[in-house]
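Structure first, commentary second.
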Amino acid sequence: MSLTRFLPTPSDRMGILWSLLAMDGCVVLEYGPAGTTHFSMGLFQELGESQQNRLFTTHMSEDDVVMGDVTRLEKAILEVDRNFAPKVIFVVASSVAAVIGTDIKGVCSYMQESVQARLIAFEQGGFRGDYSIGLVETYKLLVQELPIEDPKPQPDTVNLLGFSMGSYRASSDYRELETLLEQGFGLKIGACLSGETSVEAIEQMGGAALNLVLREEGIAAAKILHSKFKTPMVAGSPYGYQGTLDWLHNIGEKLGRTLNSELEAELKERIRDTAQYAISLRMLREDTASATLVGEYRAILGIGKFLEQLGFHIENQLCMHTLRAIPNPDPNVQFCTSEKQRLDILKGIHKQMILADDPSISVCSPDNICLRISMPVVYGAQIAKHLPLMGIRGADFLLEWVERYIQTLK
């Protein structure tokens, strides 16, 4: 890890933990020192993750580390099963457990007959990559282990894959997707990997009519579900008015359904209304409307495309995680190998609209217009659950900031 001034990119272990905590009906048991779990809890609280009776640690003594004694883990599994009766206990290796090579899967295997809960092990300890790799592994293992073989058919239900509570405004985006799917086709969300879902929903996800893959990290899991249940998938996220309409049309085409005419008319009207921006920015302004986006791959691509449709030149698209989990990444998206490289780029930007995270925004020149669209949040907190970045309301929100930025142009 390179020297970091602000906050380092979360590891694969952190992506696993916040994904598992987003499910009802399970308990996450981390095998490691209490201090590492305590540190993690601060981030999970910021993400809006409930930890009450959901996240536990075994703690580890020096003897446990030196001698490889797993007695604490065995006792903790029995205690959690007896006191909380979850359907599933996810046993997650801490960094210490991963370094000393603790056989978490082996412990879960021989302890399974002693407990009622299903034991599922995650042996990644933060050394396989950043959180995007952790998301991929979590989605894959969940769809391999939890869905039942003969689920009840759910023709009006779709699953969300690639959803992440680590994304900024995740809860708001979930509600916007709920609204679009209900208004557009009378569909409801079944399982959501991973956010606002349950073990029971994941068990039945093979019966859904369609899997909606919101970000590339969910593609591998969608392929597994297609292999097991022949469930089709639609990949992409609804950013901007045209992006939302295209997303809905793709869903309708895959399901053989017609999009609600009122919703389609509303989106087409907004697309027509915003066509004026590209014309006015070219004809009436001397300055070029430019933007820099910093955040997660799918978000900066989707929002960037929306801004391009409004007449913006996209100067930089800086991804906050590696592109290892992205098949055929867009060549315009750059991953900075060090925080310094990213901050140096941002310090040299002037008179642009910058959409980024709090630490990135903090180093930008005051002659820019800055909007937070990604984690981490340092100043204030995300509380509202009705302010998405996706869908119609997300595009409305972004357009208000576009208007504010245009007023600064000559």
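Labeling convention for the structure tokens: chains A, B, ... as they appear, residues from 1 per chain, ligands from 1 in order of appearance.
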Counting only C-alpha atoms, which residues of stretch 284-400 of chain A fall within 7 Å of stretch 2-24 of chain A, and what is the closest atom pair for each with its distance in Å at one decimal, ordered by chain and rising number, as a tab-separated table?
```
residue	atom	partner	partner_atom	distance
A:His321	CA	A:Thr9	CA	6.9
A:Ser338	CA	A:Ser2	CA	6.2
A:Glu339	CA	A:Thr4	CA	6.2
A:Pro359	CA	A:Phe6	CA	6.6
```
Cut-off 12 Å: closest stretch 99-159 of chain A/stretch 253-261 of chain A atom pairs per residue, using only C-alpha atoms, as JSON lines:
```
{"residue": "A:Pro155", "atom": "CA", "partner": "A:Leu255", "partner_atom": "CA", "distance": 9.4}
{"residue": "A:Asp156", "atom": "CA", "partner": "A:Leu255", "partner_atom": "CA", "distance": 9.8}
{"residue": "A:Thr157", "atom": "CA", "partner": "A:Leu255", "partner_atom": "CA", "distance": 11.0}
{"residue": "A:Val158", "atom": "CA", "partner": "A:Leu255", "partner_atom": "CA", "distance": 10.4}
```
Could you check which of A:Pro33, A:Gly391, A:Ala117, A:Gly25 is closest to A:Trp247, using only C-alpha atoms?
->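 Residue with the minimum atom-to-atom distance to A:Trp247: A:Gly391.
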Residues near A:Arg372, cut-off 9 Å, only C-alpha atoms, skip fewer than 2 positions along chain, as JSON, numbers by chain = {"A": [168, 354, 355, 356, 357, 358, 361, 370, 374, 375, 377]}
Restricting it to N, CA and C atoms, dump the selection as an mmCIF file, in the first residue's frame.
```
data_model
loop_
_atom_site.group_PDB
_atom_site.id
_atom_site.type_symbol
_atom_site.label_atom_id
_atom_site.label_comp_id
_atom_site.auth_asym_id
_atom_site.auth_seq_id
_atom_site.Cartn_x
_atom_site.Cartn_y
_atom_site.Cartn_z
ATOM 1 N N TYR A 168 -22.064 5.458 -2.687
ATOM 2 C CA TYR A 168 -22.716 6.649 -2.145
ATOM 3 C C TYR A 168 -24.182 6.686 -2.579
ATOM 4 N N ILE A 354 -16.630 19.350 -10.722
ATOM 5 C CA ILE A 354 -15.945 18.182 -10.183
ATOM 6 C C ILE A 354 -16.931 17.371 -9.354
ATOM 7 N N LEU A 355 -17.122 16.133 -9.723
ATOM 8 C CA LEU A 355 -18.021 15.220 -9.026
ATOM 9 C C LEU A 355 -17.157 14.135 -8.415
ATOM 10 N N ALA A 356 -17.080 14.099 -7.083
ATOM 11 C CA ALA A 356 -16.072 13.259 -6.451
ATOM 12 C C ALA A 356 -16.441 12.962 -5.006
ATOM 13 N N ASP A 357 -15.472 12.457 -4.256
ATOM 14 C CA ASP A 357 -15.607 12.183 -2.826
ATOM 15 C C ASP A 357 -15.082 13.367 -2.030
ATOM 16 N N ASP A 358 -15.332 13.361 -0.725
ATOM 17 C CA ASP A 358 -14.940 14.488 0.114
ATOM 18 C C ASP A 358 -13.435 14.757 0.127
ATOM 19 N N ILE A 361 -12.456 16.375 -3.173
ATOM 20 C CA ILE A 361 -12.988 17.728 -3.300
ATOM 21 C C ILE A 361 -12.193 18.713 -2.442
ATOM 22 N N CYS A 370 -18.093 21.888 -7.058
ATOM 23 C CA CYS A 370 -17.861 20.518 -6.616
ATOM 24 C C CYS A 370 -19.125 19.888 -6.037
ATOM 25 N N SER A 374 -19.491 10.211 -4.393
ATOM 26 C CA SER A 374 -18.860 8.942 -4.063
ATOM 27 C C SER A 374 -18.351 8.953 -2.627
ATOM 28 N N MET A 375 -18.061 7.777 -2.142
ATOM 29 C CA MET A 375 -17.472 7.611 -0.822
ATOM 30 C C MET A 375 -15.962 7.804 -0.936
ATOM 31 N N VAL A 377 -17.303 9.711 2.803
ATOM 32 C CA VAL A 377 -17.903 10.947 3.308
ATOM 33 C C VAL A 377 -17.124 11.353 4.556
#
```
Counting only C-alpha atoms, what is within 12 Å of A:Thr292, bar same-chain residues fewer than 3 positions away, as number ranges by chain?
-> A: 289, 295, 300-301, 303-304, 307-308, 312-319, 332-334, 342, 345-357, 360-361, 364, 368-373
The selected residues should be written to file as a CSV table (one decimal), in the first residue's frame (atoms: N, CA and C atoms).
```csv
chain,number,residue,atom,x,y,z
A,289,ALA,N,-17.8,23.8,-21.2
A,289,ALA,CA,-18.3,23.1,-20.0
A,289,ALA,C,-17.5,21.8,-19.9
A,295,GLY,N,-14.8,8.4,-8.7
A,295,GLY,CA,-15.7,7.5,-8.0
A,295,GLY,C,-15.6,6.1,-8.5
A,300,ILE,N,-19.2,6.7,-12.5
A,300,ILE,CA,-18.5,7.8,-13.2
A,300,ILE,C,-18.8,7.6,-14.7
A,301,LEU,N,-18.9,6.4,-15.2
A,301,LEU,CA,-19.2,6.2,-16.6
A,301,LEU,C,-20.6,6.6,-16.9
A,303,ILE,N,-22.7,8.7,-15.1
A,303,ILE,CA,-22.9,10.1,-14.9
A,303,ILE,C,-22.2,10.9,-16.0
A,304,GLY,N,-21.0,10.4,-16.4
A,304,GLY,CA,-20.2,11.1,-17.4
A,304,GLY,C,-20.9,11.1,-18.7
A,307,LEU,N,-23.6,13.7,-18.6
A,307,LEU,CA,-23.1,15.1,-18.8
A,307,LEU,C,-22.6,15.3,-20.3
A,308,GLU,N,-22.1,14.3,-20.9
A,308,GLU,CA,-21.8,14.5,-22.3
A,308,GLU,C,-23.0,14.8,-23.2
A,312,PHE,N,-21.2,18.6,-22.2
A,312,PHE,CA,-20.0,18.7,-21.4
A,312,PHE,C,-18.8,17.9,-22.1
A,313,HIS,N,-17.6,18.5,-21.9
A,313,HIS,CA,-16.4,17.7,-22.2
A,313,HIS,C,-15.9,17.0,-20.9
A,314,ILE,N,-15.8,15.7,-21.0
A,314,ILE,CA,-15.3,15.0,-19.8
A,314,ILE,C,-13.8,15.0,-19.8
A,315,GLU,N,-13.2,15.7,-18.9
A,315,GLU,CA,-11.8,15.9,-18.8
A,315,GLU,C,-11.1,14.7,-18.2
A,316,ASN,N,-11.6,14.2,-17.1
A,316,ASN,CA,-11.0,13.1,-16.3
A,316,ASN,C,-12.1,12.2,-15.8
A,317,GLN,N,-11.8,10.9,-15.8
A,317,GLN,CA,-12.7,9.9,-15.1
A,317,GLN,C,-11.7,9.0,-14.3
A,318,LEU,N,-11.7,9.3,-13.0
A,318,LEU,CA,-10.7,8.7,-12.1
A,318,LEU,C,-11.4,7.7,-11.3
A,319,CYS,N,-11.1,6.4,-11.4
A,319,CYS,CA,-11.8,5.3,-10.7
A,319,CYS,C,-11.1,5.1,-9.3
A,332,ASN,N,-11.1,5.4,-21.3
A,332,ASN,CA,-11.1,6.7,-20.8
A,332,ASN,C,-11.1,6.8,-19.3
A,333,VAL,N,-11.3,5.6,-18.7
A,333,VAL,CA,-11.3,5.6,-17.2
A,333,VAL,C,-9.9,5.2,-16.7
A,334,GLN,N,-9.4,6.0,-15.8
A,334,GLN,CA,-8.1,5.9,-15.3
A,334,GLN,C,-8.1,5.5,-13.8
A,342,ARG,N,-3.6,10.9,-7.9
A,342,ARG,CA,-5.0,11.4,-8.1
A,342,ARG,C,-5.1,12.9,-7.6
A,345,ILE,N,-3.6,15.5,-9.9
A,345,ILE,CA,-4.4,15.8,-11.0
A,345,ILE,C,-5.5,16.8,-10.6
A,346,LEU,N,-6.1,16.5,-9.5
A,346,LEU,CA,-7.2,17.4,-9.0
A,346,LEU,C,-6.8,18.8,-8.7
A,347,LYS,N,-5.6,18.9,-8.1
A,347,LYS,CA,-5.1,20.2,-7.7
A,347,LYS,C,-4.8,21.1,-8.9
A,348,GLY,N,-4.6,20.5,-10.1
A,348,GLY,CA,-4.4,21.3,-11.3
A,348,GLY,C,-5.6,21.7,-12.1
A,349,ILE,N,-6.8,21.4,-11.6
A,349,ILE,CA,-8.0,21.6,-12.3
A,349,ILE,C,-8.6,22.9,-11.9
A,350,HIS,N,-9.1,23.7,-12.9
A,350,HIS,CA,-9.7,25.0,-12.7
A,350,HIS,C,-11.0,25.1,-13.5
A,351,LYS,N,-12.0,25.8,-13.0
A,351,LYS,CA,-13.2,26.1,-13.6
A,351,LYS,C,-13.9,24.9,-14.3
A,352,GLN,N,-13.9,23.8,-13.5
A,352,GLN,CA,-14.7,22.6,-14.0
A,352,GLN,C,-15.7,22.3,-13.0
A,353,MET,N,-16.6,21.4,-13.4
A,353,MET,CA,-17.6,20.8,-12.5
A,353,MET,C,-16.9,19.5,-12.0
A,354,ILE,N,-16.6,19.4,-10.7
A,354,ILE,CA,-15.9,18.2,-10.2
A,354,ILE,C,-16.9,17.4,-9.4
A,355,LEU,N,-17.1,16.1,-9.7
A,355,LEU,CA,-18.0,15.2,-9.0
A,355,LEU,C,-17.2,14.1,-8.4
A,356,ALA,N,-17.1,14.1,-7.1
A,356,ALA,CA,-16.1,13.3,-6.5
A,356,ALA,C,-16.4,13.0,-5.0
A,357,ASP,N,-15.5,12.5,-4.3
A,357,ASP,CA,-15.6,12.2,-2.8
A,357,ASP,C,-15.1,13.4,-2.0
A,360,SER,N,-11.2,14.1,-2.1
A,360,SER,CA,-10.8,14.6,-3.4
A,360,SER,C,-11.2,16.1,-3.6
A,361,ILE,N,-12.5,16.4,-3.2
A,361,ILE,CA,-13.0,17.7,-3.3
A,361,ILE,C,-12.2,18.7,-2.4
A,364,CYS,N,-9.4,20.6,-4.2
A,364,CYS,CA,-9.7,21.3,-5.5
A,364,CYS,C,-9.7,22.8,-5.3
A,368,ASN,N,-13.7,25.9,-8.9
A,368,ASN,CA,-14.5,24.8,-9.4
A,368,ASN,C,-15.8,24.7,-8.7
A,369,ILE,N,-16.8,24.1,-9.3
A,369,ILE,CA,-18.1,23.7,-8.7
A,369,ILE,C,-18.0,22.2,-8.3
A,370,CYS,N,-18.1,21.9,-7.1
A,370,CYS,CA,-17.9,20.5,-6.6
A,370,CYS,C,-19.1,19.9,-6.0
A,371,LEU,N,-19.3,18.6,-6.4
A,371,LEU,CA,-20.5,17.9,-5.9
A,371,LEU,C,-20.0,16.5,-5.4
A,372,ARG,N,-20.5,16.1,-4.3
A,372,ARG,CA,-20.1,14.8,-3.8
A,372,ARG,C,-21.0,13.7,-4.4
A,373,ILE,N,-20.3,12.7,-5.1
A,373,ILE,CA,-21.1,11.6,-5.7
A,373,ILE,C,-20.5,10.2,-5.3
```
Test item: residues at most 8 Å from A:Phe56, only C-alpha atoms, excluding those fewer than 4 positions along its chain, as a list in words | Val27, Val28, Leu29, Glu30 and Thr37 of chain A
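Shortest separation to A:Met320 among A:Ile392, A:Tyr174, A:Lys305, A:Ala299 occurs at residue A:Ala299, atoms counted being only C-alpha atoms.
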For A:Ile89, please output as a list in words all residues within 9 Å (counting only C-alpha atoms; exclusion window: fewer than 2 positions along the same chain).
-> Cys26, Val27, Val28, Leu29, Ile77, Val80, Asp81, Pro86, Lys87, Val91, Ala117, Arg118, Leu119, Ile120 and Ala121 of chain A
Keeping only N, CA and C atoms, take the residues you just selected and write them out as a PDB file, in the first residue's frame.
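New file selection-v5.pdb:
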```
ATOM      1  N   CYS A  26     -28.837 -13.557   9.010  1.00  0.00           N
ATOM      2  CA  CYS A  26     -27.482 -14.100   9.117  1.00  0.00           C
ATOM      3  C   CYS A  26     -26.698 -13.343  10.178  1.00  0.00           C
ATOM      4  N   VAL A  27     -25.601 -13.942  10.581  1.00  0.00           N
ATOM      5  CA  VAL A  27     -24.659 -13.309  11.498  1.00  0.00           C
ATOM      6  C   VAL A  27     -23.270 -13.415  10.877  1.00  0.00           C
ATOM      7  N   VAL A  28     -22.493 -12.358  11.012  1.00  0.00           N
ATOM      8  CA  VAL A  28     -21.110 -12.344  10.532  1.00  0.00           C
ATOM      9  C   VAL A  28     -20.195 -12.477  11.740  1.00  0.00           C
ATOM     10  N   LEU A  29     -19.383 -13.516  11.741  1.00  0.00           N
ATOM     11  CA  LEU A  29     -18.444 -13.776  12.832  1.00  0.00           C
ATOM     12  C   LEU A  29     -17.037 -13.644  12.285  1.00  0.00           C
ATOM     13  N   ILE A  77     -18.680 -19.890  17.488  1.00  0.00           N
ATOM     14  CA  ILE A  77     -19.683 -20.432  16.568  1.00  0.00           C
ATOM     15  C   ILE A  77     -20.838 -21.045  17.357  1.00  0.00           C
ATOM     16  N   VAL A  80     -22.907 -18.131  19.158  1.00  0.00           N
ATOM     17  CA  VAL A  80     -23.751 -17.364  18.243  1.00  0.00           C
ATOM     18  C   VAL A  80     -24.944 -18.190  17.791  1.00  0.00           C
ATOM     19  N   ASP A  81     -24.709 -19.450  17.465  1.00  0.00           N
ATOM     20  CA  ASP A  81     -25.802 -20.326  17.026  1.00  0.00           C
ATOM     21  C   ASP A  81     -26.837 -20.504  18.129  1.00  0.00           C
ATOM     22  N   PRO A  86     -29.370 -17.829  13.933  1.00  0.00           N
ATOM     23  CA  PRO A  86     -29.438 -17.341  12.542  1.00  0.00           C
ATOM     24  C   PRO A  86     -29.542 -18.513  11.571  1.00  0.00           C
ATOM     25  N   LYS A  87     -30.034 -18.241  10.367  1.00  0.00           N
ATOM     26  CA  LYS A  87     -30.058 -19.279   9.343  1.00  0.00           C
ATOM     27  C   LYS A  87     -28.648 -19.570   8.834  1.00  0.00           C
ATOM     28  N   VAL A  91     -18.426 -17.001   8.525  1.00  0.00           N
ATOM     29  CA  VAL A  91     -17.195 -16.924   9.301  1.00  0.00           C
ATOM     30  C   VAL A  91     -16.132 -16.296   8.409  1.00  0.00           C
ATOM     31  N   ALA A 117     -27.262 -23.533  12.390  1.00  0.00           N
ATOM     32  CA  ALA A 117     -27.043 -22.572  11.310  1.00  0.00           C
ATOM     33  C   ALA A 117     -26.154 -23.165  10.230  1.00  0.00           C
ATOM     34  N   ARG A 118     -26.324 -22.676   9.023  1.00  0.00           N
ATOM     35  CA  ARG A 118     -25.425 -23.039   7.924  1.00  0.00           C
ATOM     36  C   ARG A 118     -24.137 -22.236   8.107  1.00  0.00           C
ATOM     37  N   LEU A 119     -22.995 -22.897   8.035  1.00  0.00           N
ATOM     38  CA  LEU A 119     -21.710 -22.228   8.181  1.00  0.00           C
ATOM     39  C   LEU A 119     -21.083 -22.037   6.808  1.00  0.00           C
ATOM     40  N   ILE A 120     -20.726 -20.802   6.492  1.00  0.00           N
ATOM     41  CA  ILE A 120     -20.078 -20.481   5.219  1.00  0.00           C
ATOM     42  C   ILE A 120     -18.843 -19.650   5.521  1.00  0.00           C
ATOM     43  N   ALA A 121     -17.710 -20.078   4.968  1.00  0.00           N
ATOM     44  CA  ALA A 121     -16.428 -19.444   5.288  1.00  0.00           C
ATOM     45  C   ALA A 121     -15.971 -18.496   4.192  1.00  0.00           C
TER      46      ALA A 121
END
```
Quick one: everything within 8 Å of A:Ile148, counting only C-alpha atoms, minus sequence neighbours fewer than 3 positions away in the same chain. Send it as a list in words.
->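 The neighbour list is Pro151, Glu203, Gln204 and Gly206 of chain A.
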In Å, how far is it from atom CA of A:Arg404 to atom CA of A:Arg270?
->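 Computing it gives 18.5 Å between the two atoms.
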